[in-house]
file work-v2.txt (compact mmCIF, N, CA, C and O atoms)
# COMPACT_ATOMS: atom_id res chain seq x y z
N MET A 59 58.92 -55.77 -52.73
CA MET A 59 57.58 -55.24 -52.76
C MET A 59 57.62 -53.74 -53.05
O MET A 59 58.49 -53.03 -52.56
N VAL A 60 56.70 -53.26 -53.83
CA VAL A 60 56.57 -51.85 -54.16
C VAL A 60 55.55 -51.23 -53.21
O VAL A 60 54.48 -51.78 -53.00
N GLN A 61 55.90 -50.09 -52.63
CA GLN A 61 55.00 -49.38 -51.72
C GLN A 61 54.50 -48.10 -52.38
O GLN A 61 55.26 -47.43 -53.08
N LEU A 62 53.25 -47.76 -52.14
CA LEU A 62 52.70 -46.47 -52.56
C LEU A 62 52.26 -45.71 -51.33
O LEU A 62 51.62 -46.29 -50.44
N THR A 63 52.60 -44.44 -51.26
CA THR A 63 52.16 -43.62 -50.14
C THR A 63 50.66 -43.35 -50.29
O THR A 63 50.12 -43.44 -51.40
N PRO A 64 49.99 -43.01 -49.20
CA PRO A 64 48.57 -42.65 -49.31
C PRO A 64 48.32 -41.50 -50.28
O PRO A 64 47.30 -41.50 -50.99
N THR A 65 49.25 -40.55 -50.36
CA THR A 65 49.11 -39.43 -51.30
C THR A 65 49.14 -39.94 -52.74
O THR A 65 48.35 -39.51 -53.58
N ALA A 66 50.06 -40.86 -53.04
CA ALA A 66 50.16 -41.42 -54.40
C ALA A 66 48.91 -42.23 -54.74
O ALA A 66 48.38 -42.12 -55.85
N VAL A 67 48.43 -43.02 -53.80
CA VAL A 67 47.22 -43.82 -54.03
C VAL A 67 46.05 -42.90 -54.34
O VAL A 67 45.29 -43.13 -55.29
N GLY A 68 45.90 -41.84 -53.57
CA GLY A 68 44.80 -40.90 -53.79
C GLY A 68 44.86 -40.24 -55.15
O GLY A 68 43.85 -40.10 -55.83
N LYS A 69 46.07 -39.85 -55.58
CA LYS A 69 46.22 -39.18 -56.87
C LYS A 69 45.96 -40.15 -58.02
O LYS A 69 45.29 -39.79 -59.00
N VAL A 70 46.45 -41.38 -57.92
CA VAL A 70 46.19 -42.37 -58.98
C VAL A 70 44.70 -42.64 -59.08
O VAL A 70 44.14 -42.70 -60.18
N LYS A 71 44.03 -42.79 -57.93
CA LYS A 71 42.58 -43.03 -57.95
C LYS A 71 41.84 -41.87 -58.60
O LYS A 71 40.89 -42.07 -59.35
N GLU A 72 42.27 -40.65 -58.30
CA GLU A 72 41.65 -39.45 -58.87
C GLU A 72 41.78 -39.47 -60.39
O GLU A 72 40.81 -39.21 -61.12
N ILE A 73 42.97 -39.77 -60.90
CA ILE A 73 43.20 -39.82 -62.34
C ILE A 73 42.44 -41.00 -62.96
O ILE A 73 41.85 -40.88 -64.04
N LEU A 74 42.44 -42.13 -62.28
CA LEU A 74 41.76 -43.34 -62.76
C LEU A 74 40.27 -43.10 -62.95
O LEU A 74 39.68 -43.54 -63.94
N GLU A 75 39.66 -42.39 -62.01
CA GLU A 75 38.22 -42.12 -62.08
C GLU A 75 37.84 -41.27 -63.29
O GLU A 75 36.71 -41.34 -63.78
N ALA A 76 38.78 -40.48 -63.79
CA ALA A 76 38.51 -39.61 -64.94
C ALA A 76 38.64 -40.35 -66.27
O ALA A 76 38.30 -39.80 -67.32
N GLN A 77 39.14 -41.59 -66.26
CA GLN A 77 39.35 -42.36 -67.49
C GLN A 77 38.04 -43.01 -67.93
O GLN A 77 37.26 -43.48 -67.12
N GLU A 78 37.83 -43.04 -69.24
CA GLU A 78 36.64 -43.70 -69.78
C GLU A 78 37.04 -44.48 -71.02
O GLU A 78 37.53 -43.88 -71.98
N PRO A 79 36.91 -45.77 -71.08
CA PRO A 79 36.43 -46.64 -70.01
C PRO A 79 37.46 -46.75 -68.88
O PRO A 79 38.66 -46.54 -69.10
N LYS A 80 36.99 -47.08 -67.72
CA LYS A 80 37.85 -47.12 -66.54
C LYS A 80 38.74 -48.36 -66.56
O LYS A 80 38.25 -49.48 -66.62
N PRO A 81 40.07 -48.17 -66.53
CA PRO A 81 40.99 -49.32 -66.47
C PRO A 81 40.87 -50.03 -65.12
O PRO A 81 40.37 -49.46 -64.15
N SER A 82 41.36 -51.25 -65.06
CA SER A 82 41.25 -52.01 -63.81
C SER A 82 42.40 -51.75 -62.85
O SER A 82 42.31 -52.08 -61.68
N GLY A 83 43.51 -51.16 -63.33
CA GLY A 83 44.62 -50.90 -62.44
C GLY A 83 45.73 -50.11 -63.10
O GLY A 83 45.59 -49.62 -64.22
N LEU A 84 46.85 -50.01 -62.38
CA LEU A 84 48.01 -49.26 -62.83
C LEU A 84 49.21 -50.19 -62.95
O LEU A 84 49.49 -50.96 -62.03
N ARG A 85 49.91 -50.11 -64.07
CA ARG A 85 51.15 -50.87 -64.25
C ARG A 85 52.33 -49.95 -63.92
O ARG A 85 52.42 -48.83 -64.41
N ILE A 86 53.21 -50.45 -63.05
CA ILE A 86 54.47 -49.77 -62.75
C ILE A 86 55.58 -50.68 -63.25
O ILE A 86 55.59 -51.87 -62.94
N ALA A 87 56.49 -50.12 -64.04
CA ALA A 87 57.54 -50.93 -64.64
C ALA A 87 58.85 -50.17 -64.71
O ALA A 87 58.88 -48.94 -64.62
N VAL A 88 59.92 -50.91 -64.90
CA VAL A 88 61.23 -50.36 -65.20
C VAL A 88 61.53 -50.74 -66.64
O VAL A 88 61.41 -51.90 -67.02
N VAL A 89 61.88 -49.74 -67.44
CA VAL A 89 62.16 -49.99 -68.85
C VAL A 89 63.57 -49.50 -69.18
O VAL A 89 64.09 -48.61 -68.52
N GLY A 90 64.17 -50.11 -70.18
CA GLY A 90 65.49 -49.68 -70.62
C GLY A 90 65.40 -48.34 -71.31
O GLY A 90 64.43 -48.04 -71.97
N GLY A 91 66.42 -47.52 -71.09
CA GLY A 91 66.45 -46.22 -71.76
C GLY A 91 66.87 -45.13 -70.81
O GLY A 91 67.08 -45.34 -69.62
N GLY A 92 67.01 -43.95 -71.36
CA GLY A 92 67.46 -42.83 -70.56
C GLY A 92 68.98 -42.80 -70.53
O GLY A 92 69.65 -43.77 -70.87
N CYS A 93 69.54 -41.71 -70.07
CA CYS A 93 71.00 -41.57 -70.10
C CYS A 93 71.71 -42.43 -69.07
O CYS A 93 72.90 -42.67 -69.19
N SER A 94 71.00 -42.94 -68.07
CA SER A 94 71.65 -43.78 -67.05
C SER A 94 71.33 -45.27 -67.21
O SER A 94 71.82 -46.08 -66.45
N GLY A 95 70.49 -45.63 -68.17
CA GLY A 95 70.24 -47.05 -68.42
C GLY A 95 68.81 -47.51 -68.22
O GLY A 95 68.31 -48.32 -68.96
N PHE A 96 68.12 -47.03 -67.17
CA PHE A 96 66.75 -47.45 -66.89
C PHE A 96 65.89 -46.23 -66.57
O PHE A 96 66.40 -45.21 -66.10
N SER A 97 64.59 -46.38 -66.78
CA SER A 97 63.65 -45.35 -66.36
C SER A 97 62.36 -46.03 -65.89
O SER A 97 62.12 -47.20 -66.18
N TYR A 98 61.56 -45.28 -65.16
CA TYR A 98 60.30 -45.81 -64.64
C TYR A 98 59.18 -45.55 -65.63
O TYR A 98 59.19 -44.56 -66.34
N SER A 99 58.22 -46.44 -65.63
CA SER A 99 57.05 -46.30 -66.49
C SER A 99 55.80 -46.56 -65.66
O SER A 99 55.76 -47.49 -64.85
N MET A 100 54.79 -45.73 -65.87
CA MET A 100 53.49 -45.92 -65.22
C MET A 100 52.42 -45.75 -66.28
O MET A 100 52.43 -44.77 -67.03
N ALA A 101 51.50 -46.73 -66.36
CA ALA A 101 50.43 -46.67 -67.36
C ALA A 101 49.23 -47.45 -66.85
O ALA A 101 49.38 -48.45 -66.14
N PHE A 102 48.05 -46.99 -67.20
CA PHE A 102 46.85 -47.74 -66.82
C PHE A 102 46.75 -49.01 -67.64
O PHE A 102 47.17 -49.06 -68.80
N GLU A 103 46.19 -50.03 -67.03
CA GLU A 103 46.14 -51.36 -67.64
C GLU A 103 44.78 -52.00 -67.33
O GLU A 103 44.22 -51.80 -66.25
N ASN A 104 44.29 -52.80 -68.27
CA ASN A 104 43.02 -53.48 -68.04
C ASN A 104 43.18 -54.85 -67.40
O ASN A 104 42.35 -55.26 -66.60
N ASN A 105 44.25 -55.56 -67.76
CA ASN A 105 44.45 -56.91 -67.23
C ASN A 105 45.90 -57.14 -66.87
O ASN A 105 46.79 -56.70 -67.60
N PRO A 106 46.15 -57.84 -65.78
CA PRO A 106 47.54 -58.17 -65.46
C PRO A 106 48.08 -59.22 -66.42
O PRO A 106 47.32 -59.98 -67.01
N GLY A 107 49.40 -59.23 -66.58
CA GLY A 107 50.04 -60.26 -67.37
C GLY A 107 50.08 -61.57 -66.60
O GLY A 107 49.86 -61.59 -65.38
N LEU A 108 50.39 -62.63 -67.28
CA LEU A 108 50.39 -63.96 -66.68
C LEU A 108 51.33 -64.07 -65.48
O LEU A 108 51.01 -64.70 -64.49
N LEU A 109 52.49 -63.44 -65.56
CA LEU A 109 53.48 -63.54 -64.48
C LEU A 109 53.57 -62.28 -63.63
O LEU A 109 54.52 -62.13 -62.85
N ASP A 110 52.61 -61.38 -63.76
CA ASP A 110 52.63 -60.15 -62.98
C ASP A 110 52.35 -60.40 -61.50
O ASP A 110 51.60 -61.31 -61.15
N LYS A 111 52.94 -59.59 -60.66
CA LYS A 111 52.61 -59.54 -59.25
C LYS A 111 51.57 -58.42 -59.11
O LYS A 111 51.75 -57.33 -59.65
N THR A 112 50.46 -58.70 -58.43
CA THR A 112 49.42 -57.70 -58.24
C THR A 112 49.37 -57.28 -56.78
O THR A 112 49.30 -58.12 -55.89
N TYR A 113 49.44 -55.98 -56.55
CA TYR A 113 49.31 -55.41 -55.21
C TYR A 113 47.98 -54.68 -55.14
O TYR A 113 47.47 -54.19 -56.14
N ASN A 114 47.42 -54.58 -53.94
CA ASN A 114 46.16 -53.88 -53.75
C ASN A 114 46.33 -52.84 -52.66
O ASN A 114 46.66 -53.17 -51.53
N TYR A 115 46.12 -51.58 -53.03
CA TYR A 115 46.21 -50.47 -52.09
C TYR A 115 44.86 -49.76 -52.03
O TYR A 115 44.51 -49.05 -52.96
N GLU A 116 44.13 -50.02 -50.97
CA GLU A 116 42.82 -49.37 -50.77
C GLU A 116 41.93 -49.52 -52.00
O GLU A 116 41.29 -48.57 -52.43
N GLY A 117 41.91 -50.70 -52.58
CA GLY A 117 41.08 -50.96 -53.75
C GLY A 117 41.75 -50.64 -55.08
O GLY A 117 41.19 -50.91 -56.14
N LEU A 118 42.94 -50.05 -55.06
CA LEU A 118 43.68 -49.75 -56.27
C LEU A 118 44.62 -50.91 -56.58
O LEU A 118 45.46 -51.27 -55.76
N LYS A 119 44.48 -51.49 -57.77
CA LYS A 119 45.35 -52.59 -58.18
C LYS A 119 46.59 -52.05 -58.88
O LYS A 119 46.50 -51.20 -59.77
N ILE A 120 47.74 -52.57 -58.45
CA ILE A 120 49.02 -52.22 -59.05
C ILE A 120 49.62 -53.49 -59.64
O ILE A 120 49.75 -54.49 -58.94
N PHE A 121 49.99 -53.45 -60.93
CA PHE A 121 50.58 -54.59 -61.61
C PHE A 121 52.06 -54.33 -61.85
O PHE A 121 52.44 -53.27 -62.34
N VAL A 122 52.91 -55.31 -61.51
CA VAL A 122 54.35 -55.20 -61.73
C VAL A 122 54.83 -56.50 -62.35
O VAL A 122 54.58 -57.58 -61.81
N ASP A 123 55.53 -56.41 -63.48
CA ASP A 123 56.05 -57.63 -64.12
C ASP A 123 57.27 -58.15 -63.37
O ASP A 123 57.90 -57.43 -62.59
N GLN A 124 57.60 -59.42 -63.60
CA GLN A 124 58.68 -60.09 -62.87
C GLN A 124 60.03 -59.39 -63.04
O GLN A 124 60.78 -59.24 -62.08
N ALA A 125 60.36 -58.96 -64.25
CA ALA A 125 61.65 -58.32 -64.49
C ALA A 125 61.74 -57.00 -63.73
O ALA A 125 62.78 -56.68 -63.14
N SER A 126 60.67 -56.22 -63.73
CA SER A 126 60.68 -54.94 -63.02
C SER A 126 60.77 -55.12 -61.52
O SER A 126 61.35 -54.28 -60.82
N LEU A 127 60.22 -56.21 -61.00
CA LEU A 127 60.29 -56.46 -59.56
C LEU A 127 61.72 -56.53 -59.06
O LEU A 127 62.00 -56.13 -57.93
N LEU A 128 62.64 -56.99 -59.90
CA LEU A 128 64.05 -57.06 -59.51
C LEU A 128 64.61 -55.68 -59.18
O LEU A 128 65.46 -55.53 -58.31
N TYR A 129 64.12 -54.65 -59.89
CA TYR A 129 64.62 -53.29 -59.70
C TYR A 129 63.75 -52.46 -58.76
O TYR A 129 64.18 -51.42 -58.28
N LEU A 130 62.51 -52.90 -58.53
CA LEU A 130 61.57 -52.12 -57.72
C LEU A 130 61.39 -52.64 -56.30
O LEU A 130 60.66 -52.04 -55.52
N ASP A 131 62.05 -53.74 -55.95
CA ASP A 131 61.88 -54.30 -54.61
C ASP A 131 62.34 -53.29 -53.57
O ASP A 131 63.47 -52.83 -53.58
N GLY A 132 61.44 -52.91 -52.69
CA GLY A 132 61.75 -51.94 -51.65
C GLY A 132 61.52 -50.49 -52.05
O GLY A 132 61.70 -49.58 -51.25
N ALA A 133 61.08 -50.26 -53.29
CA ALA A 133 60.86 -48.90 -53.76
C ALA A 133 59.54 -48.34 -53.22
O ALA A 133 58.60 -49.08 -52.96
N GLU A 134 59.52 -47.03 -53.05
CA GLU A 134 58.31 -46.33 -52.61
C GLU A 134 57.96 -45.29 -53.66
O GLU A 134 58.82 -44.56 -54.13
N VAL A 135 56.67 -45.24 -54.03
CA VAL A 135 56.19 -44.26 -54.99
C VAL A 135 55.36 -43.24 -54.21
O VAL A 135 54.46 -43.60 -53.47
N ASP A 136 55.71 -41.96 -54.38
CA ASP A 136 55.00 -40.88 -53.71
C ASP A 136 54.52 -39.89 -54.77
O ASP A 136 54.98 -39.91 -55.91
N TYR A 137 53.58 -39.04 -54.38
CA TYR A 137 53.15 -37.95 -55.25
C TYR A 137 53.48 -36.66 -54.53
O TYR A 137 53.09 -36.46 -53.38
N VAL A 138 54.24 -35.78 -55.18
CA VAL A 138 54.68 -34.55 -54.54
C VAL A 138 54.22 -33.34 -55.36
O VAL A 138 54.13 -33.39 -56.58
N GLU A 139 53.91 -32.27 -54.65
CA GLU A 139 53.55 -31.00 -55.26
C GLU A 139 54.47 -29.93 -54.68
O GLU A 139 54.51 -29.75 -53.47
N THR A 140 55.23 -29.28 -55.56
CA THR A 140 56.14 -28.22 -55.13
C THR A 140 55.92 -27.01 -56.03
O THR A 140 55.16 -27.08 -57.01
N LEU A 141 56.60 -25.93 -55.73
CA LEU A 141 56.52 -24.74 -56.58
C LEU A 141 57.09 -25.01 -57.96
O LEU A 141 56.71 -24.37 -58.94
N GLU A 142 58.01 -25.97 -58.05
CA GLU A 142 58.64 -26.30 -59.33
C GLU A 142 57.79 -27.21 -60.19
O GLU A 142 58.04 -27.36 -61.38
N GLY A 143 56.81 -27.86 -59.59
CA GLY A 143 55.95 -28.76 -60.33
C GLY A 143 55.44 -29.88 -59.46
O GLY A 143 55.74 -29.95 -58.26
N SER A 144 54.66 -30.75 -60.06
CA SER A 144 54.11 -31.88 -59.31
C SER A 144 54.27 -33.15 -60.13
O SER A 144 54.40 -33.11 -61.35
N GLY A 145 54.29 -34.28 -59.43
CA GLY A 145 54.39 -35.55 -60.13
C GLY A 145 54.72 -36.68 -59.18
O GLY A 145 54.88 -36.49 -57.97
N PHE A 146 54.83 -37.85 -59.75
CA PHE A 146 55.14 -39.05 -58.98
C PHE A 146 56.65 -39.15 -58.81
O PHE A 146 57.40 -38.93 -59.74
N LYS A 147 57.07 -39.48 -57.60
CA LYS A 147 58.48 -39.58 -57.28
C LYS A 147 58.78 -40.99 -56.77
O LYS A 147 58.08 -41.50 -55.90
N PHE A 148 59.82 -41.60 -57.32
CA PHE A 148 60.25 -42.93 -56.90
C PHE A 148 61.41 -42.80 -55.93
O PHE A 148 62.42 -42.15 -56.25
N ASN A 149 61.27 -43.38 -54.76
CA ASN A 149 62.36 -43.48 -53.79
C ASN A 149 62.78 -44.94 -53.79
O ASN A 149 62.09 -45.79 -53.23
N ASN A 150 63.89 -45.23 -54.45
CA ASN A 150 64.30 -46.61 -54.68
C ASN A 150 65.68 -46.85 -54.06
O ASN A 150 66.68 -46.30 -54.52
N PRO A 151 65.75 -47.70 -53.02
CA PRO A 151 67.04 -47.96 -52.37
C PRO A 151 68.04 -48.70 -53.25
O PRO A 151 69.24 -48.72 -52.93
N GLN A 152 67.60 -49.29 -54.34
CA GLN A 152 68.50 -50.04 -55.22
C GLN A 152 69.24 -49.17 -56.23
O GLN A 152 70.16 -49.63 -56.89
N VAL A 153 68.85 -47.91 -56.36
CA VAL A 153 69.45 -47.02 -57.34
C VAL A 153 70.87 -46.65 -56.90
O VAL A 153 71.09 -46.21 -55.78
N LYS A 154 71.81 -46.86 -57.79
CA LYS A 154 73.22 -46.54 -57.52
C LYS A 154 73.55 -45.11 -57.98
O LYS A 154 74.34 -44.43 -57.35
N SER A 155 72.96 -44.68 -59.10
CA SER A 155 73.19 -43.32 -59.59
C SER A 155 72.03 -42.92 -60.49
O SER A 155 71.31 -43.76 -61.02
N THR A 156 71.88 -41.61 -60.66
CA THR A 156 70.85 -41.07 -61.55
C THR A 156 71.51 -40.12 -62.54
O THR A 156 72.64 -39.68 -62.33
N CYS A 157 70.78 -39.80 -63.58
CA CYS A 157 71.31 -38.84 -64.56
C CYS A 157 71.10 -37.42 -64.03
O CYS A 157 70.44 -37.22 -63.02
N GLY A 158 71.63 -36.45 -64.73
CA GLY A 158 71.52 -35.06 -64.30
C GLY A 158 70.10 -34.56 -64.22
O GLY A 158 69.76 -33.77 -63.36
N CYS A 159 69.24 -35.02 -65.12
CA CYS A 159 67.85 -34.54 -65.12
C CYS A 159 66.99 -35.34 -64.14
O CYS A 159 65.86 -34.95 -63.86
N GLY A 160 67.50 -36.45 -63.63
CA GLY A 160 66.78 -37.22 -62.62
C GLY A 160 65.70 -38.15 -63.15
O GLY A 160 64.94 -38.72 -62.39
N SER A 161 65.61 -38.30 -64.47
CA SER A 161 64.53 -39.14 -65.01
C SER A 161 64.97 -40.56 -65.33
O SER A 161 64.16 -41.38 -65.70
N SER A 162 66.25 -40.87 -65.20
CA SER A 162 66.70 -42.25 -65.39
C SER A 162 67.72 -42.60 -64.31
O SER A 162 68.21 -41.74 -63.61
N PHE A 163 68.00 -43.91 -64.21
CA PHE A 163 68.88 -44.37 -63.14
C PHE A 163 69.63 -45.60 -63.55
O PHE A 163 69.34 -46.23 -64.56
N SER A 164 70.63 -45.97 -62.75
CA SER A 164 71.32 -47.24 -62.92
C SER A 164 71.26 -47.95 -61.58
O SER A 164 71.20 -47.34 -60.52
N ALA A 165 71.24 -49.29 -61.66
CA ALA A 165 71.13 -50.09 -60.43
C ALA A 165 72.25 -51.10 -60.36
O ALA A 165 72.87 -51.43 -61.32
call {"tool": "encode", "arguments": {"input": "work-v2.txt", "output": "structure tokens"}}
result
Amino acid sequence: MVQLTPTAVGKVKEILEAQEPKPSGLRIAVVGGGCSGFSYSMAFENNPGLLDKTYNYEGLKIFVDQASLLYLDGAEVDYVETLEGSGFKFNNPQVKSTCGCGSSFSA
């Protein structure tokens, strides 16, 4: 199961409200690529896929495909703001190593 912190849910809802037309939810996925093999993807989506798992966080729908669930089980998505920048951060217990820039991982 993928978890979103209350801060992440609030930020996604804030961004979602600014979209026109308003999408029905957010897709979180793991895609091939990056220097370590995999990277995370987040994009607004209108409809879930046939085999997607749908999560509901305070009215926010999160769609995750079956293949990504294998890599995201137990992961937590947070939104952080620091002096260096802000963005969504994945805390994934299945990650074995990350690349130097931190944007890709291997499991």
call {"tool": "residues_around", "arguments": {"input": "work-v2.txt", "residues": "Tyr98 in chain A", "least_positions_apart": "2", "cutoff": "7 Å", "atoms": "only C-alpha atoms", "output": "PyMOL selection string"}}
result
chain A and resi 87-89+100
call {"tool": "write_last_selection", "arguments": {"input": "work-v2.txt", "atoms": "N, CA, C and O atoms", "output": "short mmCIF file (atom, residue, chain, number, x, y, z; two decimals), in the coordinates of the input"}}
result
data_model
loop_
_atom_site.label_atom_id
_atom_site.label_comp_id
_atom_site.auth_asym_id
_atom_site.auth_seq_id
_atom_site.Cartn_x
_atom_site.Cartn_y
_atom_site.Cartn_z
N ALA A 87 56.49 -50.12 -64.04
CA ALA A 87 57.54 -50.93 -64.64
C ALA A 87 58.85 -50.17 -64.71
O ALA A 87 58.88 -48.94 -64.62
N VAL A 88 59.92 -50.91 -64.90
CA VAL A 88 61.23 -50.36 -65.20
C VAL A 88 61.53 -50.74 -66.64
O VAL A 88 61.41 -51.90 -67.02
N VAL A 89 61.88 -49.74 -67.44
CA VAL A 89 62.16 -49.99 -68.85
C VAL A 89 63.57 -49.50 -69.18
O VAL A 89 64.09 -48.61 -68.52
N MET A 100 54.79 -45.73 -65.87
CA MET A 100 53.49 -45.92 -65.22
C MET A 100 52.42 -45.75 -66.28
O MET A 100 52.43 -44.77 -67.03
#
call {"tool": "atom_distance", "arguments": {"input": "work-v2.txt", "atom1": "atom O of Phe121 in chain A", "atom2": "atom O of Glu139 in chain A"}}
result
25.2 Å
call {"tool": "atom_distance", "arguments": {"input": "work-v2.txt", "atom1": "atom C of Glu103 in chain A", "atom2": "atom N of Val70 in chain A"}}
result
14.3 Å
call {"tool": "residues_around", "arguments": {"input": "work-v2.txt", "residues": "Leu62 in chain A", "least_positions_apart": "5", "cutoff": "7 Å", "atoms": "all atoms listed in the file", "output": "JSON, numbers by chain"}}
result
{"A": [67, 133, 134, 135, 136]}
call {"tool": "closest_residue", "arguments": {"input": "work-v2.txt", "among": "A:Asn149, A:Thr63, A:Leu84, A:Asn104", "to": "Val122 in chain A", "atoms": "only C-alpha atoms"}}
result
A:Leu84
call {"tool": "atom_distance", "arguments": {"input": "work-v2.txt", "atom1": "CA of Leu108 in chain A", "atom2": "CA of Tyr137 in chain A"}}
result
28.5 Å
call {"tool": "select_by_dssp", "arguments": {"input": "work-v2.txt", "residues": "range 65-101 of chain A", "states": "strand (DSSP E or B)", "output": "number ranges by chain"}}
result
A: 83-90, 96-101
call {"tool": "closest_residue", "arguments": {"input": "work-v2.txt", "among": "A:Val153, A:Asp131, A:Leu118, A:Gly145", "to": "Lys71 in chain A", "atoms": "all atoms listed in the file"}}
result
A:Leu118
call {"tool": "closest_residue", "arguments": {"input": "work-v2.txt", "among": "A:Ala76, A:Asp123, A:Leu130, A:Tyr113", "to": "Asn150 in chain A", "atoms": "only N, CA, C and O atoms"}}
result
A:Leu130
call {"tool": "select_by_dssp", "arguments": {"input": "work-v2.txt", "residues": "chain A", "states": "helix (DSSP H, G or I)", "output": "PyMOL selection string"}}
result
chain A and resi 64-75+124-130
call {"tool": "closest_residue", "arguments": {"input": "work-v2.txt", "among": "A:Ile86, A:Ala66, A:Leu141, A:Ile73", "to": "Ala125 in chain A", "atoms": "only C-alpha atoms"}}
result
A:Ile86
call {"tool": "closest_residue", "arguments": {"input": "work-v2.txt", "among": "A:Gln152, A:Tyr115, A:Phe146, A:Lys69", "to": "Gly132 in chain A", "atoms": "all atoms listed in the file"}}
result
A:Gln152
